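So this one's structure13.txt, compact mmCIF, C-alpha atoms:
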# COMPACT_ATOMS: atom_id res chain seq x y z
CA MET C 1 -78.46 215.03 -4.55
CA GLU C 2 -80.88 216.70 -2.16
CA GLY C 3 -82.68 213.41 -1.54
CA LYS C 4 -79.41 211.84 -0.46
CA THR C 5 -78.69 214.47 2.20
CA VAL C 6 -82.23 214.15 3.54
CA LYS C 7 -81.76 210.40 3.79
CA ARG C 8 -78.43 210.80 5.53
CA LYS C 9 -79.96 213.23 7.99
CA ARG C 10 -82.71 210.73 8.75
CA ILE C 11 -80.10 208.06 9.43
CA THR C 12 -78.23 210.35 11.84
CA VAL C 13 -81.45 211.12 13.71
CA LYS C 14 -82.21 207.42 13.95
CA GLN C 15 -78.70 206.63 15.17
CA THR C 16 -78.88 209.37 17.80
CA ALA C 17 -82.22 208.06 19.02
CA LEU C 18 -80.69 204.59 19.21
CA VAL C 19 -77.74 205.77 21.30
CA ILE C 20 -80.07 207.69 23.61
CA THR C 21 -82.30 204.63 24.08
CA VAL C 22 -79.38 202.38 24.91
CA ALA C 23 -77.87 205.01 27.22
CA ALA C 24 -81.20 205.27 29.07
CA LEU C 25 -81.34 201.48 29.40
CA CYS C 26 -77.77 201.45 30.65
CA LEU C 27 -78.49 204.09 33.28
CA THR C 28 -81.53 202.16 34.50
CA VAL C 29 -79.48 198.98 34.75
CA LEU C 30 -76.58 200.63 36.55
CA PHE C 31 -78.57 202.92 38.86
CA PRO C 32 -79.09 200.27 41.60
CA PHE C 33 -75.36 199.61 41.64
CA TRP C 34 -74.65 203.32 41.89
CA LEU C 35 -76.93 203.34 44.95
CA LEU C 36 -75.09 200.31 46.30
CA ALA C 37 -71.72 202.03 46.00
CA VAL C 38 -72.90 205.41 47.29
CA LYS C 39 -74.78 204.02 50.27
CA SER C 40 -71.70 202.14 51.41
CA PHE C 41 -70.08 205.51 52.25
CA LYS C 42 -72.99 206.91 54.26
CA SER C 43 -73.77 207.09 57.95
CA PHE C 44 -77.38 206.62 59.01
CA GLU C 45 -77.96 210.39 59.25
CA GLN C 46 -76.46 211.00 55.82
CA GLU C 47 -78.65 208.24 54.40
CA ILE C 48 -81.78 209.96 55.70
CA ALA C 49 -80.65 213.38 54.48
CA SER C 50 -79.61 212.41 50.95
CA PRO C 51 -80.35 208.81 49.94
CA ILE C 52 -79.27 209.07 46.30
CA SER C 53 -76.21 211.29 45.89
CA LEU C 54 -72.75 211.04 47.40
CA SER C 55 -72.47 212.91 50.69
CA PHE C 56 -69.34 214.31 52.29
CA PRO C 57 -67.43 213.63 54.42
CA LEU C 58 -67.33 210.00 53.30
CA PHE C 59 -68.19 207.58 56.05
CA PHE C 60 -65.77 204.64 56.09
CA GLU C 61 -67.00 202.99 59.25
CA ASN C 62 -69.31 200.66 57.28
CA TYR C 63 -66.23 199.06 55.81
CA SER C 64 -64.50 198.62 59.15
CA VAL C 65 -67.65 197.02 60.59
CA ALA C 66 -67.90 194.70 57.58
CA TRP C 67 -64.22 193.82 57.91
CA ALA C 68 -64.73 192.96 61.57
CA TYR C 69 -67.47 190.52 60.54
CA VAL C 70 -65.25 188.98 57.88
CA LYS C 71 -62.42 188.48 60.40
CA GLU C 72 -64.70 186.60 62.78
CA MET W 1 -51.38 136.10 16.71
CA VAL W 2 -51.92 135.04 20.30
CA LYS W 3 -49.49 137.68 21.42
CA THR W 4 -51.35 140.54 19.74
CA GLN W 5 -54.64 139.24 21.11
CA LYS W 6 -53.20 139.14 24.60
CA ARG W 7 -52.00 142.69 24.21
CA ALA W 8 -55.43 143.85 23.03
CA VAL W 9 -57.08 142.22 26.03
CA LYS W 10 -54.58 143.84 28.33
CA GLU W 11 -55.16 147.23 26.79
CA THR W 12 -58.92 146.91 27.13
CA LEU W 13 -58.53 145.88 30.74
CA THR W 14 -56.35 148.89 31.43
CA ALA W 15 -58.91 151.16 29.81
CA PHE W 16 -61.67 149.71 31.95
CA ALA W 17 -59.52 150.02 35.05
CA TRP W 18 -59.07 153.72 34.34
CA LEU W 19 -62.79 154.08 33.69
CA ILE W 20 -63.80 152.56 37.02
CA LEU W 21 -63.04 155.71 38.97
CA PRO W 22 -65.08 158.24 36.92
CA ALA W 23 -67.89 155.73 36.37
CA GLY W 24 -68.01 154.95 40.08
CA LEU W 25 -68.09 158.65 40.97
CA MET W 26 -70.89 159.20 38.46
CA LEU W 27 -72.85 156.33 39.97
CA ILE W 28 -72.43 157.55 43.53
CA PHE W 29 -72.90 161.28 43.05
CA CYS W 30 -75.12 161.62 39.97
CA LEU W 31 -77.22 158.51 39.53
CA TYR W 32 -77.69 157.35 43.11
CA PRO W 33 -79.34 160.60 44.38
CA ALA W 34 -81.73 160.72 41.42
CA ALA W 35 -82.65 157.06 41.73
CA ALA W 36 -83.07 157.41 45.50
CA ALA W 37 -85.37 160.40 44.99
CA ILE W 38 -87.55 158.45 42.59
CA LEU W 39 -87.74 155.49 44.97
CA ARG W 40 -88.44 157.68 48.00
CA SER W 41 -91.26 159.46 46.19
CA PHE W 42 -93.17 156.16 46.49
CA MET W 43 -92.28 155.70 50.17
CA ASP W 44 -93.27 157.07 53.51
CA TYR W 45 -89.64 157.80 54.17
CA ALA W 46 -88.03 157.87 57.59
CA PRO W 47 -84.36 157.24 58.37
CA SER W 48 -85.36 154.60 60.95
CA GLY W 49 -87.55 152.64 58.56
CA SER W 50 -89.52 153.43 55.42
CA ARG W 51 -92.53 151.70 53.99
CA TRP W 52 -94.00 151.66 50.52
CA ILE W 53 -97.11 153.76 50.05
CA TRP W 54 -96.90 153.92 46.24
CA PHE W 55 -98.83 156.93 45.01
CA GLY W 56 -99.74 158.14 48.50
CA ASN W 57 -97.29 161.06 48.35
CA PHE W 58 -98.58 162.19 44.98
CA SER W 59 -102.24 162.06 45.98
CA ALA W 60 -101.41 163.92 49.20
CA LEU W 61 -99.74 166.62 47.10
CA PHE W 62 -102.65 167.05 44.73
CA ASN W 63 -105.09 167.21 47.65
CA ASP W 64 -102.98 170.03 49.07
CA ALA W 65 -104.44 173.40 48.03
CA VAL W 66 -101.08 175.11 48.65
CA PHE W 67 -99.32 172.79 46.22
CA ARG W 68 -101.96 173.36 43.54
CA LYS W 69 -101.61 177.10 44.02
CA SER W 70 -97.83 176.82 43.85
CA LEU W 71 -98.04 175.09 40.45
CA LEU W 72 -100.03 178.01 39.05
CA ASN W 73 -97.59 180.50 40.63
CA MET W 74 -94.69 178.67 39.01
CA LEU W 75 -96.41 178.83 35.62
CA ILE W 76 -96.93 182.59 35.93
CA LEU W 77 -93.44 183.33 37.23
CA VAL W 78 -91.66 181.14 34.67
CA SER W 79 -93.60 182.56 31.71
CA GLY W 80 -93.13 186.09 33.00
CA GLY W 81 -89.42 185.55 33.43
CA LEU W 82 -88.98 183.96 30.01
CA LEU W 83 -90.92 186.71 28.26
CA THR W 84 -89.29 189.70 29.96
CA GLY W 85 -85.78 188.29 29.88
CA ASN W 86 -85.76 187.24 26.25
CA VAL W 87 -87.59 190.24 24.79
CA ALA W 88 -85.41 192.70 26.69
CA THR W 89 -82.08 191.06 25.87
CA LEU W 90 -83.04 190.62 22.22
CA PHE W 91 -84.02 194.28 22.05
CA LEU W 92 -80.69 195.35 23.53
CA ALA W 93 -78.73 193.05 21.20
CA GLU W 94 -80.56 194.51 18.19
CA CYS W 95 -79.85 198.05 19.38
CA LEU W 96 -76.14 197.38 19.85
CA PHE W 97 -75.95 195.51 16.55
CA ASN W 98 -77.53 198.39 14.62
CA MET W 99 -75.35 201.04 16.27
CA ARG W 100 -73.05 202.54 13.66
CA ASN W 101 -70.72 204.05 16.23
CA ARG W 102 -68.46 201.08 17.00
CA LYS W 103 -66.78 202.74 19.97
CA ALA W 104 -70.07 203.54 21.70
CA SER W 105 -71.34 200.03 21.01
CA LYS W 106 -68.22 198.54 22.57
CA ALA W 107 -68.38 200.80 25.62
CA PHE W 108 -72.02 199.88 26.23
CA ARG W 109 -71.14 196.22 26.02
CA TYR W 110 -68.76 196.66 28.96
CA LEU W 111 -71.22 198.70 30.98
CA PHE W 112 -74.05 196.19 30.61
CA LEU W 113 -71.78 193.47 32.00
CA ILE W 114 -71.16 195.24 35.31
CA PRO W 115 -74.29 193.83 37.04
CA SER W 116 -73.01 190.29 36.58
CA LEU W 117 -70.03 191.18 38.79
CA VAL W 118 -72.31 191.81 41.78
CA PRO W 119 -73.52 188.74 43.70
CA GLY W 120 -77.17 187.87 43.10
CA MET W 121 -77.88 188.01 46.82
CA VAL W 122 -76.81 191.66 46.91
CA THR W 123 -79.06 192.53 43.97
CA ALA W 124 -82.04 190.77 45.57
CA LEU W 125 -81.53 192.60 48.87
CA LEU W 126 -81.09 195.88 47.02
CA TRP W 127 -84.45 195.40 45.31
CA LYS W 128 -86.10 194.33 48.53
CA ASN W 129 -84.79 197.12 50.74
CA VAL W 130 -84.28 200.04 48.40
CA ILE W 131 -86.10 199.89 45.09
CA LEU W 132 -89.28 197.91 45.70
CA SER W 133 -89.23 198.58 49.42
CA GLY W 134 -92.63 198.59 51.11
CA ASP W 135 -91.79 201.85 52.92
CA ALA W 136 -93.33 205.06 51.70
CA ASP W 137 -89.66 206.09 51.19
CA GLY W 138 -88.96 203.23 48.79
CA LEU W 139 -87.71 204.29 45.38
CA MET W 140 -90.62 202.84 43.40
CA ASN W 141 -93.19 204.13 45.91
CA ARG W 142 -91.77 207.64 45.54
CA LEU W 143 -91.82 207.28 41.77
CA THR W 144 -95.46 206.15 41.64
CA GLY W 145 -96.22 208.76 44.29
CA LEU W 146 -95.28 211.45 41.76
CA PHE W 147 -98.35 210.33 39.80
CA GLY W 148 -100.49 210.40 42.90
CA ALA W 149 -100.59 206.66 43.56
CA PRO W 150 -100.64 205.48 47.18
CA PRO W 151 -97.57 203.51 48.37
CA ASN W 152 -97.63 199.74 47.74
CA ALA W 153 -96.15 196.93 49.79
CA TRP W 154 -94.81 195.28 46.57
CA TYR W 155 -93.28 191.94 47.63
CA PHE W 156 -95.53 191.85 50.68
CA SER W 157 -98.87 192.56 49.07
CA GLU W 158 -100.81 189.59 47.78
CA ARG W 159 -101.92 191.45 44.68
CA LEU W 160 -98.47 192.60 43.56
CA SER W 161 -96.07 189.99 44.94
CA LYS W 162 -95.75 187.98 41.72
CA ALA W 163 -95.53 191.11 39.59
CA SER W 164 -92.78 192.39 41.90
CA ILE W 165 -90.75 189.21 41.47
CA VAL W 166 -91.06 189.47 37.69
CA LEU W 167 -90.25 193.20 37.87
CA THR W 168 -87.05 192.57 39.85
CA ASN W 169 -83.92 193.41 37.89
CA PHE W 170 -85.86 195.65 35.51
CA PRO W 171 -84.97 196.30 32.64
CA TRP W 172 -83.75 192.69 32.67
CA VAL W 173 -80.74 193.22 30.41
CA GLY W 174 -77.79 193.28 32.81
CA GLY W 175 -75.58 190.19 32.54
CA ILE W 176 -74.10 188.13 29.77
CA SER W 177 -77.15 186.79 27.93
CA PHE W 178 -77.38 189.72 25.53
CA LEU W 179 -73.85 188.91 24.34
CA ILE W 180 -75.05 185.50 23.12
CA TYR W 181 -77.82 187.14 21.06
CA LEU W 182 -75.34 189.73 19.81
CA ALA W 183 -72.94 187.00 18.70
CA GLY W 184 -75.83 185.32 16.90
CA LEU W 185 -76.63 188.53 15.07
CA GLN W 186 -73.01 189.05 14.14
CA SER W 187 -72.83 185.59 12.63
CA ILE W 188 -75.57 186.42 10.09
CA ARG W 189 -73.97 186.56 6.69
CA GLU W 190 -73.07 190.07 5.53
CA SER W 191 -74.45 189.34 2.04
CA CYS W 192 -77.87 188.57 3.51
CA LEU W 193 -78.05 191.92 5.29
CA GLU W 194 -76.65 193.80 2.29
CA ALA W 195 -79.25 192.28 -0.01
CA ALA W 196 -81.98 193.32 2.40
CA GLU W 197 -80.59 196.84 2.55
CA LEU W 198 -80.43 197.10 -1.25
CA ASP W 199 -84.03 195.94 -1.47
CA GLY W 200 -84.96 198.79 0.85
CA VAL W 201 -86.23 196.56 3.65
CA THR W 202 -87.15 198.51 6.77
CA VAL W 203 -85.49 197.70 10.08
CA TRP W 204 -88.63 196.12 11.57
CA LYS W 205 -89.14 193.88 8.57
CA ARG W 206 -85.49 192.84 8.67
CA VAL W 207 -85.76 191.97 12.36
CA TRP W 208 -88.90 189.87 11.79
CA HIS W 209 -87.98 188.10 8.58
CA ILE W 210 -84.19 187.78 8.75
CA ASP W 211 -82.83 188.27 12.25
CA LEU W 212 -85.38 186.33 14.30
CA PRO W 213 -85.49 183.23 12.08
CA LEU W 214 -81.69 183.12 12.06
CA LEU W 215 -81.57 183.53 15.84
CA LEU W 216 -83.86 180.57 16.53
CA GLY W 217 -80.91 178.50 17.75
CA GLN W 218 -80.08 181.07 20.43
CA ILE W 219 -83.75 181.52 21.31
CA LYS W 220 -84.04 177.77 21.75
CA TYR W 221 -81.05 177.72 24.06
CA PHE W 222 -82.44 180.50 26.26
CA LEU W 223 -85.93 178.99 26.30
CA ILE W 224 -84.67 175.61 27.48
CA ILE W 225 -82.20 177.04 30.00
CA GLY W 226 -84.94 179.41 31.15
CA ILE W 227 -87.47 176.63 31.67
CA VAL W 228 -85.00 174.37 33.51
CA GLY W 229 -83.74 177.19 35.71
CA GLY W 230 -87.11 178.86 36.20
CA VAL W 231 -88.82 175.69 37.44
CA GLN W 232 -86.11 175.05 40.02
CA VAL W 233 -85.39 178.53 41.28
CA PHE W 234 -86.70 179.79 44.63
CA ASP W 235 -84.12 182.36 45.70
CA MET W 236 -86.55 185.28 45.86
CA GLN W 237 -88.93 183.18 47.96
CA LEU W 238 -86.13 182.22 50.33
CA ILE W 239 -84.58 185.68 50.65
CA ILE W 240 -87.57 187.97 50.41
CA THR W 241 -91.12 186.65 50.50
CA ASP W 242 -91.03 183.30 52.38
CA GLY W 243 -93.54 182.16 49.78
CA GLY W 244 -96.10 184.64 51.06
CA PRO W 245 -98.22 186.63 51.47
CA ASN W 246 -100.99 184.01 51.60
CA TYR W 247 -98.87 181.63 49.48
CA SER W 248 -99.07 183.99 46.50
CA THR W 249 -95.40 183.45 45.63
CA THR W 250 -94.96 179.86 46.81
CA VAL W 251 -93.48 177.66 44.08
CA PRO W 252 -93.04 173.87 44.11
CA GLY W 253 -89.26 174.22 44.41
CA TYR W 254 -89.66 176.23 47.60
CA LEU W 255 -92.15 173.68 48.98
CA LEU W 256 -89.65 170.94 48.20
CA TYR W 257 -87.01 172.76 50.21
CA LEU W 258 -89.40 173.44 53.10
CA LYS W 259 -90.70 169.89 53.22
CA THR W 260 -87.18 168.44 53.29
CA TYR W 261 -85.52 170.76 55.77
CA GLY W 262 -88.51 172.16 57.65
CA TYR W 263 -90.90 169.25 58.10
CA SER W 264 -88.61 166.30 57.27
CA ALA W 265 -91.28 165.04 54.86
CA VAL W 266 -88.69 163.53 52.54
CA GLY W 267 -91.19 161.32 50.72
CA GLU W 268 -93.43 164.20 49.69
CA ALA W 269 -90.43 166.37 48.81
CA SER W 270 -89.14 163.58 46.55
CA ALA W 271 -92.57 163.37 44.92
CA ILE W 272 -92.39 167.11 44.18
CA GLY W 273 -88.94 166.58 42.71
CA VAL W 274 -90.18 163.79 40.45
CA LEU W 275 -93.16 165.90 39.34
CA LEU W 276 -90.90 168.88 38.59
CA PHE W 277 -88.63 166.61 36.59
CA ALA W 278 -91.62 165.41 34.56
CA VAL W 279 -92.89 168.96 34.01
CA THR W 280 -89.46 170.26 32.97
CA PHE W 281 -88.87 167.33 30.67
CA THR W 282 -92.25 167.76 28.95
CA ALA W 283 -91.92 171.53 28.57
CA MET W 284 -88.38 171.14 27.25
CA THR W 285 -89.40 168.52 24.71
CA ILE W 286 -92.30 170.64 23.48
CA ALA W 287 -90.13 173.77 23.19
CA ASN W 288 -87.49 171.79 21.38
CA LYS W 289 -89.96 170.26 18.90
CA VAL W 290 -91.77 173.54 18.18
CA LEU W 291 -88.57 175.50 17.62
CA ALA W 292 -86.99 172.73 15.57
CA ARG W 293 -89.99 172.87 13.24
CA ALA W 294 -89.78 176.66 13.07
CA GLN W 295 -86.08 176.39 12.28
CA LYS W 296 -86.83 173.92 9.50
CA ASP W 297 -89.47 176.24 8.06
CA ALA W 298 -87.06 179.18 8.20
CA ALA W 299 -84.28 177.31 6.45

This entry written out as structure tokens:
Amino acid sequence: MEGKTVKRKRITVKQTALVITVAALCLTVLFPFWLLAVKSFKSFEQEIASPISLSFPLFFENYSVAWAYVKE
Amino acid sequence: MVKTQKRAVKETLTAFAWLILPAGLMLIFCLYPAAAAILRSFMDYAPSGSRWIWFGNFSALFNDAVFRKSLLNMLILVSGGLLTGNVATLFLAECLFNMRNRKASKAFRYLFLIPSLVPGMVTALLWKNVILSGDADGLMNRLTGLFGAPPNAWYFSERLSKASIVLTNFPWVGGISFLIYLAGLQSIRESCLEAAELDGVTVWKRVWHIDLPLLLGQIKYFLIIGIVGGVQVFDMQLIITDGGPNYSTTVPGYLLYLKTYGYSAVGEASAIGVLLFAVTFTAMTIANKVLARAQKDAA
């Protein structure tokens, strides 16, 4: 009986480690795209001040500039 | 009797009439360019008038130190790409397959697909300007700086340029290829896995002796697609490195492009194309033969 619970515990530990590994992989894969999205809302000054996190107020001018290029 | 024969002839004629269009299109757009490339590889080609120089283009190529270097670069980049891509995606597929929590496994499957929604050009520029940027402010330079390493130029240093190209898109799992491995794993018979579990086989042993042999079909597919694509690709060279520094990332595909559109040396470019075709064909045949034998042994 005791052996069984020990075994089950070991399986849970293994499964948790597995989920953590995959989550870490997932974060590494998605991090560049997070940067991509966040940087699209930054002015040049905001980019220098905080390159990684979202900064407020959001800067929408990048999109209007891009749209102007698309329209041409 | 005569009537049925006449009808058969008429039907055959109609069939051939319908076939003329696709066959003609195939001839013009698929066969003609390939045949022309092979012919031009033996010519000193110029639109005004070409002349036959037979193996002149090929000997010029092999006397060119840049071309010889580019062949070696291609070998390194293709093997690096095949190794990293396949090991990483297989690892992820195994992780997701062994995850008991179905909901988490499903959610991860969606998340890992997101990168394939972003154009490849954007990813390449992101790696060039943000992650492996040569600035001291680049993400990787800051990361290695934490351990006291001096900043590197990555794509623009001769020592690291090839490694940087292989490192791009780390950890190499975003996209759809892991789904193909996952599908392969899911198609392994339940009884097989249950028997292994009852025999107390450890996960590593199961992966080596059951999963990998039964995934050989998928591995073969990725190997062949990887070789064909890897030999031809030169997007990183075009977008980021220009084949430099000091030709350390130049590959034959990029030279082919440069020779055609930069120097109008169509003959030499065609010779590169023919050589690449030969290399791809040989590598593909060897990979196919080796894996077919392994598959036979596994069965």

Kindly assemble as CSV a list of the chain C residues that lie within 10 Å of chain W, each paired with its nearest atom pair and their distance in Å to one decimal, using all atoms listed in the file, sorted first by chain and then by ascending residue number.
residue,atom,partner,partner_atom,distance
C:Ile11,CA,W:Arg100,CA,9.9
C:Thr12,CA,W:Arg100,CA,9.5
C:Lys14,CA,W:Met99,CA,9.7
C:Gln15,CA,W:Met99,CA,6.6
C:Thr16,CA,W:Met99,CA,9.2
C:Leu18,CA,W:Cys95,CA,6.6
C:Val19,CA,W:Met99,CA,7.3
C:Thr21,CA,W:Cys95,CA,8.4
C:Val22,CA,W:Cys95,CA,7.0
C:Ala23,CA,W:Phe108,CA,7.8
C:Leu25,CA,W:Pro171,CA,7.1
C:Cys26,CA,W:Phe112,CA,6.4
C:Leu27,CA,W:Leu111,CA,9.3
C:Thr28,CA,W:Pro171,CA,7.0
C:Val29,CA,W:Gly174,CA,6.3
C:Leu30,CA,W:Pro115,CA,7.2
C:Pro32,CA,W:Leu126,CA,7.3
C:Phe33,CA,W:Pro115,CA,7.5
C:Leu35,CA,W:Val130,CA,8.8
C:Leu36,CA,W:Leu126,CA,7.5
C:Ile48,CA,W:Asp137,CA,9.9
C:Pro51,CA,W:Val130,CA,9.7
C:Ile52,CA,W:Leu139,CA,9.7

Selection near stretch 76-87 of chain W, 9 Å with all atoms listed in the file, sequence-local residues under 4 positions removed, as a list of chain:residue names: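 After dropping sequence-adjacent residues, the list is W:Leu71, W:Leu72, W:Phe91, W:Leu92, W:Lys162, W:Ala163, W:Ile165, W:Val166, W:Leu167, W:Phe170, W:Pro171, W:Trp172, W:Val173, W:Ser177, W:Phe178, W:Ile219, W:Phe222, W:Leu223, W:Gly226, W:Ile227, W:Gly229, W:Gly230, W:Val231, W:Thr249, W:Val251.
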
Between atom CA of W:Trp204 and atom CA of W:Phe97, distance in Å (one decimal):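 It comes out at 13.6 Å.
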
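In this model, the gap between atom CA of W:Gln186 and atom CA of W:Ala93 comes to 9.9 Å.
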
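Restricting the calculation to only C-alpha atoms, the smallest distance between C:Glu45 and any of C:Phe59, C:Val65, C:Lys9, C:Ile20 is found for C:Phe59.
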
Written record: stretch 130-139 of chain W, all heavy atoms, as a PDB file, in the first residue's frame:
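Dumped to part09.pdb:
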ATOM      1  N   VAL W 130      17.107  42.549 -32.547  1.00  0.00           N
ATOM      2  CA  VAL W 130      16.793  42.569 -31.127  1.00  0.00           C
ATOM      3  C   VAL W 130      17.556  41.496 -30.358  1.00  0.00           C
ATOM      4  O   VAL W 130      18.259  41.790 -29.390  1.00  0.00           O
ATOM      5  CB  VAL W 130      15.279  42.391 -30.897  1.00  0.00           C
ATOM      6  CG1 VAL W 130      14.971  42.397 -29.423  1.00  0.00           C
ATOM      7  CG2 VAL W 130      14.512  43.488 -31.601  1.00  0.00           C
ATOM      8  N   ILE W 131      17.440  40.250 -30.785  1.00  0.00           N
ATOM      9  CA  ILE W 131      17.944  39.170 -29.932  1.00  0.00           C
ATOM     10  C   ILE W 131      19.443  38.970 -30.117  1.00  0.00           C
ATOM     11  O   ILE W 131      20.207  39.043 -29.165  1.00  0.00           O
ATOM     12  CB  ILE W 131      17.175  37.877 -30.214  1.00  0.00           C
ATOM     13  CG1 ILE W 131      15.694  38.126 -29.935  1.00  0.00           C
ATOM     14  CG2 ILE W 131      17.680  36.759 -29.317  1.00  0.00           C
ATOM     15  CD1 ILE W 131      14.798  37.037 -30.337  1.00  0.00           C
ATOM     16  N   LEU W 132      19.858  38.707 -31.365  1.00  0.00           N
ATOM     17  CA  LEU W 132      21.289  38.518 -31.597  1.00  0.00           C
ATOM     18  C   LEU W 132      21.900  39.798 -32.175  1.00  0.00           C
ATOM     19  O   LEU W 132      22.804  39.747 -33.000  1.00  0.00           O
ATOM     20  CB  LEU W 132      21.528  37.355 -32.553  1.00  0.00           C
ATOM     21  CG  LEU W 132      21.302  35.956 -31.986  1.00  0.00           C
ATOM     22  CD1 LEU W 132      21.652  34.917 -33.019  1.00  0.00           C
ATOM     23  CD2 LEU W 132      22.138  35.731 -30.743  1.00  0.00           C
ATOM     24  N   SER W 133      21.396  40.934 -31.726  1.00  0.00           N
ATOM     25  CA  SER W 133      21.917  42.198 -32.235  1.00  0.00           C
ATOM     26  C   SER W 133      23.372  42.382 -31.812  1.00  0.00           C
ATOM     27  O   SER W 133      23.782  41.957 -30.737  1.00  0.00           O
ATOM     28  CB  SER W 133      21.057  43.339 -31.693  1.00  0.00           C
ATOM     29  OG  SER W 133      21.806  44.507 -31.617  1.00  0.00           O
ATOM     30  N   GLY W 134      24.169  43.007 -32.693  1.00  0.00           N
ATOM     31  CA  GLY W 134      25.574  43.214 -32.380  1.00  0.00           C
ATOM     32  C   GLY W 134      25.811  44.299 -31.341  1.00  0.00           C
ATOM     33  O   GLY W 134      26.898  44.414 -30.798  1.00  0.00           O
ATOM     34  N   ASP W 135      24.772  45.120 -31.058  1.00  0.00           N
ATOM     35  CA  ASP W 135      24.908  46.168 -30.045  1.00  0.00           C
ATOM     36  C   ASP W 135      25.206  45.567 -28.680  1.00  0.00           C
ATOM     37  O   ASP W 135      24.851  44.436 -28.411  1.00  0.00           O
ATOM     38  CB  ASP W 135      23.585  46.947 -29.914  1.00  0.00           C
ATOM     39  CG  ASP W 135      23.380  47.883 -31.063  1.00  0.00           C
ATOM     40  OD1 ASP W 135      24.351  48.084 -31.801  1.00  0.00           O
ATOM     41  OD2 ASP W 135      22.254  48.391 -31.213  1.00  0.00           O
ATOM     42  N   ALA W 136      25.816  46.380 -27.826  1.00  0.00           N
ATOM     43  CA  ALA W 136      25.997  45.932 -26.446  1.00  0.00           C
ATOM     44  C   ALA W 136      24.638  45.787 -25.768  1.00  0.00           C
ATOM     45  O   ALA W 136      24.494  45.066 -24.786  1.00  0.00           O
ATOM     46  CB  ALA W 136      26.867  46.917 -25.688  1.00  0.00           C
ATOM     47  N   ASP W 137      23.592  46.473 -26.330  1.00  0.00           N
ATOM     48  CA  ASP W 137      22.246  46.412 -25.759  1.00  0.00           C
ATOM     49  C   ASP W 137      21.450  45.213 -26.244  1.00  0.00           C
ATOM     50  O   ASP W 137      20.330  44.989 -25.797  1.00  0.00           O
ATOM     51  CB  ASP W 137      21.467  47.674 -26.132  1.00  0.00           C
ATOM     52  CG  ASP W 137      21.789  48.804 -25.179  1.00  0.00           C
ATOM     53  OD1 ASP W 137      22.343  48.501 -24.113  1.00  0.00           O
ATOM     54  OD2 ASP W 137      21.488  49.951 -25.508  1.00  0.00           O
ATOM     55  N   GLY W 138      21.988  44.452 -27.195  1.00  0.00           N
ATOM     56  CA  GLY W 138      21.260  43.301 -27.715  1.00  0.00           C
ATOM     57  C   GLY W 138      20.929  42.322 -26.602  1.00  0.00           C
ATOM     58  O   GLY W 138      21.656  42.206 -25.623  1.00  0.00           O
ATOM     59  N   LEU W 139      19.809  41.609 -26.785  1.00  0.00           N
ATOM     60  CA  LEU W 139      19.314  40.732 -25.719  1.00  0.00           C
ATOM     61  C   LEU W 139      20.352  39.691 -25.330  1.00  0.00           C
ATOM     62  O   LEU W 139      20.661  39.500 -24.151  1.00  0.00           O
ATOM     63  CB  LEU W 139      18.047  40.048 -26.230  1.00  0.00           C
ATOM     64  CG  LEU W 139      17.116  39.514 -25.181  1.00  0.00           C
ATOM     65  CD1 LEU W 139      16.491  40.640 -24.419  1.00  0.00           C
ATOM     66  CD2 LEU W 139      16.069  38.660 -25.843  1.00  0.00           C
TER      67      LEU W 139
END
